[in-house]
>>> print(open('protein.txt').read())   # compact mmCIF, C-alpha atoms
# COMPACT_ATOMS: atom_id res chain seq x y z
CA MET A 1 -57.05 9.24 86.26
CA ALA A 2 -54.01 8.28 84.18
CA SER A 3 -52.09 10.96 82.34
CA TRP A 4 -51.55 10.61 78.58
CA THR A 5 -48.84 13.25 78.45
CA GLY A 6 -45.99 10.72 78.22
CA PRO A 7 -47.41 8.73 75.28
CA LYS A 8 -48.51 11.95 73.52
CA VAL A 9 -45.01 13.42 73.73
CA PHE A 10 -43.51 10.12 72.52
CA LEU A 11 -45.91 9.91 69.54
CA ALA A 12 -45.33 13.56 68.63
CA GLY A 13 -41.56 12.99 68.74
CA LEU A 14 -41.90 9.87 66.61
CA LEU A 15 -43.99 11.72 64.01
CA LEU A 16 -41.47 14.56 63.87
CA ALA A 17 -38.60 12.09 63.42
CA LEU A 18 -40.25 10.19 60.57
CA PRO A 19 -39.35 12.57 57.74
CA TRP A 20 -35.65 12.40 58.64
CA GLY A 21 -35.62 8.64 59.16
CA LEU A 22 -37.35 8.00 55.86
CA ALA A 23 -35.63 10.73 53.87
CA GLN A 24 -35.59 10.01 50.19
CA GLU A 25 -32.24 10.35 48.52
CA TRP A 26 -33.54 9.96 44.99
CA ARG A 27 -36.09 11.97 43.09
CA LEU A 28 -38.16 10.68 40.17
CA THR A 29 -39.42 13.58 38.10
CA ARG A 30 -42.11 13.07 35.48
CA SER A 31 -42.56 15.84 32.94
CA GLN A 32 -44.15 16.42 29.57
CA SER A 33 -43.60 19.29 27.14
CA LEU A 34 -46.50 20.97 25.41
CA THR A 35 -45.90 22.52 21.99
CA ALA A 36 -48.14 23.98 19.32
CA GLY A 37 -48.23 20.49 17.81
CA GLY A 38 -49.52 18.96 21.05
CA ALA A 39 -48.09 17.04 23.97
CA GLN A 40 -44.66 15.49 23.62
CA ALA A 41 -43.53 12.15 25.10
CA TRP A 42 -43.23 11.80 28.86
CA ARG A 43 -39.78 12.20 30.39
CA TYR A 44 -38.84 10.36 33.61
CA THR A 45 -35.66 11.62 35.25
CA LEU A 46 -33.94 10.00 38.23
CA SER A 47 -31.52 12.19 40.15
CA PRO A 48 -30.12 12.22 43.68
CA THR A 49 -31.34 14.84 46.15
CA GLY A 50 -29.16 16.67 48.63
CA LYS A 51 -25.42 17.35 48.57
CA GLU A 52 -24.34 14.09 50.22
CA ALA A 53 -26.51 11.97 47.90
CA GLN A 54 -25.21 13.87 44.88
CA ALA A 55 -21.60 13.33 45.97
CA LEU A 56 -22.25 9.64 46.54
CA TRP A 57 -23.91 9.23 43.13
CA ARG A 58 -21.12 11.18 41.41
CA ALA A 59 -18.56 8.76 42.87
CA LEU A 60 -20.65 5.68 42.04
CA ALA A 61 -21.44 6.90 38.51
CA GLN A 62 -17.74 7.51 37.78
CA GLY A 63 -16.98 3.95 38.89
CA TYR A 64 -19.86 2.55 36.85
CA GLN A 65 -18.75 4.52 33.78
CA ALA A 66 -15.23 3.09 34.16
CA GLN A 67 -16.67 -0.44 34.42
CA LEU A 68 -18.77 0.07 31.29
CA ARG A 69 -15.78 1.53 29.38
CA SER A 70 -13.78 -1.57 30.35
CA GLY A 71 -16.43 -3.87 28.92
CA TYR A 72 -18.03 -4.96 32.20
CA ARG A 73 -21.71 -4.88 33.02
CA VAL A 74 -23.20 -2.68 35.75
CA ASP A 75 -25.86 -4.24 37.96
CA LEU A 76 -28.39 -1.77 39.37
CA GLY A 77 -30.66 -4.06 41.34
CA ALA A 78 -33.65 -5.02 39.19
CA TRP A 79 -31.83 -3.76 36.06
CA ARG A 80 -28.46 -4.27 34.40
CA THR A 81 -26.68 -2.11 31.82
CA TYR A 82 -23.82 -3.08 29.52
CA PHE A 83 -22.37 -2.50 26.06
CA LEU A 84 -23.12 -5.05 23.35
CA GLY A 85 -21.71 -4.44 19.89
CA GLY A 86 -20.82 -0.87 20.83
CA ARG A 87 -24.39 -0.10 21.96
CA LEU A 88 -25.51 0.44 25.54
CA ARG A 89 -28.39 -1.79 26.67
CA VAL A 90 -30.58 -1.98 29.76
CA GLU A 91 -32.23 -5.28 30.67
CA PRO A 92 -33.93 -6.94 33.66
CA HIS A 93 -31.51 -8.41 36.18
CA CYS A 94 -32.58 -9.38 39.69
CA PRO A 95 -36.25 -10.34 40.21
CA ARG A 96 -35.90 -10.14 44.02
CA VAL A 97 -33.69 -7.14 44.66
CA ASN A 98 -31.19 -7.31 47.52
CA ALA A 99 -27.73 -5.89 48.23
CA ALA A 100 -26.04 -8.64 46.17
CA CYS A 101 -27.85 -7.41 43.01
CA PHE A 102 -25.57 -4.35 42.64
CA SER A 103 -22.14 -3.90 41.10
CA PHE A 104 -19.58 -3.25 43.81
CA ILE A 105 -17.59 -0.02 43.77
CA ALA A 106 -15.13 0.55 46.63
CA LEU A 107 -16.06 3.88 48.19
CA PRO A 108 -15.41 5.48 51.59
CA TRP A 109 -19.09 5.25 52.60
CA ASP A 110 -20.65 2.84 55.06
CA LYS A 111 -21.92 -0.34 53.34
CA ALA A 112 -25.35 -0.08 54.96
CA ARG A 113 -25.61 3.50 53.67
CA LEU A 114 -24.62 2.40 50.14
CA ASP A 115 -27.12 -0.47 50.24
CA ARG A 116 -30.02 1.82 51.23
CA PHE A 117 -29.01 4.33 48.57
CA LEU A 118 -28.83 1.70 45.81
CA LEU A 119 -32.01 -0.10 46.90
CA GLU A 120 -33.91 3.18 46.64
CA LEU A 121 -32.36 3.82 43.21
CA SER A 122 -33.40 0.36 42.01
CA ALA A 123 -37.00 0.81 43.20
CA LEU A 124 -37.37 4.20 41.50
CA LEU A 125 -35.67 3.02 38.30
CA ASP A 126 -38.06 0.08 38.18
CA GLN A 127 -40.98 2.46 38.74
CA ALA A 128 -39.79 4.85 36.02
CA LEU A 129 -39.34 2.04 33.48
CA ALA A 130 -42.77 0.57 34.31
CA GLN A 131 -44.43 3.96 33.84
CA ALA A 132 -42.53 4.62 30.62
CA ARG A 133 -43.53 1.19 29.27
CA HIS A 134 -47.14 2.14 29.98
CA THR A 135 -47.06 5.67 28.51
CA GLY A 136 -44.04 5.61 26.21
CA GLY A 137 -41.31 8.17 26.80
CA VAL A 138 -37.76 8.83 27.85
CA VAL A 139 -36.07 7.56 31.03
CA VAL A 140 -32.89 9.30 32.20
CA LEU A 141 -30.65 8.13 35.02
CA THR A 142 -28.40 11.15 35.44
CA ARG A 143 -24.71 10.54 34.77
CA LEU A 144 -25.35 7.04 33.45
CA PHE A 145 -27.90 6.47 30.67
CA ARG A 146 -30.87 7.72 28.70
CA LEU A 147 -33.34 5.50 26.91
CA GLU A 148 -36.48 5.99 24.83
CA LEU A 149 -39.36 3.55 25.15
CA SER A 150 -42.32 3.05 22.88
CA LYS A 151 -45.59 2.28 24.61
CA GLY A 152 -45.61 -1.39 25.62
CA SER A 153 -42.07 -2.14 24.38
CA PRO A 154 -40.42 -5.19 25.98
CA PRO A 155 -36.86 -5.26 27.38
CA PRO A 156 -33.95 -5.22 26.71
CA TYR A 157 -33.90 -1.51 25.90
CA PRO A 158 -31.33 0.31 23.78
CA ALA A 159 -29.82 3.24 25.68
CA THR A 160 -27.24 5.99 25.25
CA PRO A 161 -24.75 7.32 27.79
CA SER A 162 -26.00 10.35 29.68
CA GLY A 163 -23.44 12.90 30.83
CA TRP A 164 -20.33 10.96 29.74
CA ARG A 165 -18.63 9.46 26.71
CA PRO A 166 -17.74 5.77 26.39
>>> encode(input="protein.txt", output="structure tokens")
Amino acid sequence: MASWTGPKVFLAGLLLALPWGLAQEWRLTRSQSLTAGGAQAWRYTLSPTGKEAQALWRALAQGYQAQLRSGYRVDLGAWRTYFLGGRLRVEPHCPRVNAACFSFIALPWDKARLDRFLLELSALLDQALAQARHTGGVVVLTRLFRLELSKGSPPPYPATPSGWRP
């Protein structure tokens, strides 16, 4: 009779390794305040999780802020942000997101690591904006922008800087 110990140990090891291999570096938080007047608008907040992810986003956000201050656009995968007439805007950018859909910032991190980090950001930002379009509410990408959406509103969206001054 054949022993299944080898495959069982392999599968158990694979299952234990999954959470670390698929670790999420971004968190999308959905919240709603309740007051005496009733429920307030939904708030969708994107923020990095963990110290390394926070350090990476801090460095990227500073570079993106500098690009925006200089009049350049910042490409965030499926979305792009830029100033037009002194107002920050967020609009659709890349319909098929890939590594070339992001603004380049020279940082001392591995390119593959940066690509994974930014691809995850793009997916969650797209999810947050889709949900906010459906429910109405506020979307915040920490250290970069904040925007308010009415239910069903089409892009481009007016935004304001979040955590910095232009």
>>> atom_distance(input="protein.txt", atom1="CA of Leu121 in chain A", atom2="CA of Glu91 in chain A")
15.5 Å
>>> closest_residue(input="protein.txt", among="A:Arg43, A:Arg27, A:Arg73, A:Arg87", to="Tyr157 in chain A", atoms="all atoms listed in the file")
A:Arg87
>>> residues_near_point(input="protein.txt", point="(-37.2, 10.4, 34.3)", cutoff="8 Å", atoms="only C-alpha atoms", output="list in words")
Leu28, Thr29, Arg30, Ser31, Arg43, Tyr44, Thr45, Leu46, Ala128, Val138, Val139, Val140 and Leu141 of chain A
>>> residues_near_point(input="protein.txt", point="(-44.8, 0.2, 29.8)", cutoff="9 Å", atoms="only C-alpha atoms", output="list in words")
Leu129, Ala130, Gln131, Ala132, Arg133, His134, Thr135, Gly136, Leu149, Ser150, Lys151, Gly152, Ser153 and Pro154 of chain A
>>> residues_around(input="protein.txt", residues="Arg96 in chain A", least_positions_apart="3", cutoff="9 Å", atoms="only C-alpha atoms", output="PyMOL selection string")
chain A and resi 77-78+101
>>> residues_around(input="protein.txt", residues="Asn98 in chain A", least_positions_apart="6", cutoff="10 Å", atoms="only C-alpha atoms", output="mmCIF file with C-alpha atoms, in the coordinates of the input")
data_model
loop_
_atom_site.group_PDB
_atom_site.id
_atom_site.type_symbol
_atom_site.label_atom_id
_atom_site.label_comp_id
_atom_site.auth_asym_id
_atom_site.auth_seq_id
_atom_site.Cartn_x
_atom_site.Cartn_y
_atom_site.Cartn_z
ATOM 1 C CA GLY A 77 -30.660 -4.060 41.340
ATOM 2 C CA ALA A 78 -33.650 -5.020 39.190
ATOM 3 C CA ASP A 115 -27.120 -0.470 50.240
ATOM 4 C CA ARG A 116 -30.020 1.820 51.230
ATOM 5 C CA LEU A 118 -28.830 1.700 45.810
ATOM 6 C CA LEU A 119 -32.010 -0.100 46.900
ATOM 7 C CA SER A 122 -33.400 0.360 42.010
#
>>> closest_residue(input="protein.txt", among="A:Ile105, A:Leu88, A:Ala100, A:Leu60", to="Pro166 in chain A", atoms="all atoms listed in the file")
A:Leu88
>>> atom_distance(input="protein.txt", atom1="CA of Leu114 in chain A", atom2="CA of Ala59 in chain A")
11.4 Å
>>> atom_distance(input="protein.txt", atom1="CA of Phe145 in chain A", atom2="CA of Cys94 in chain A")
18.8 Å
>>> closest_residue(input="protein.txt", among="A:Ala61, A:Leu68, A:Leu125, A:Leu34", to="Gly163 in chain A", atoms="only C-alpha atoms")
A:Ala61
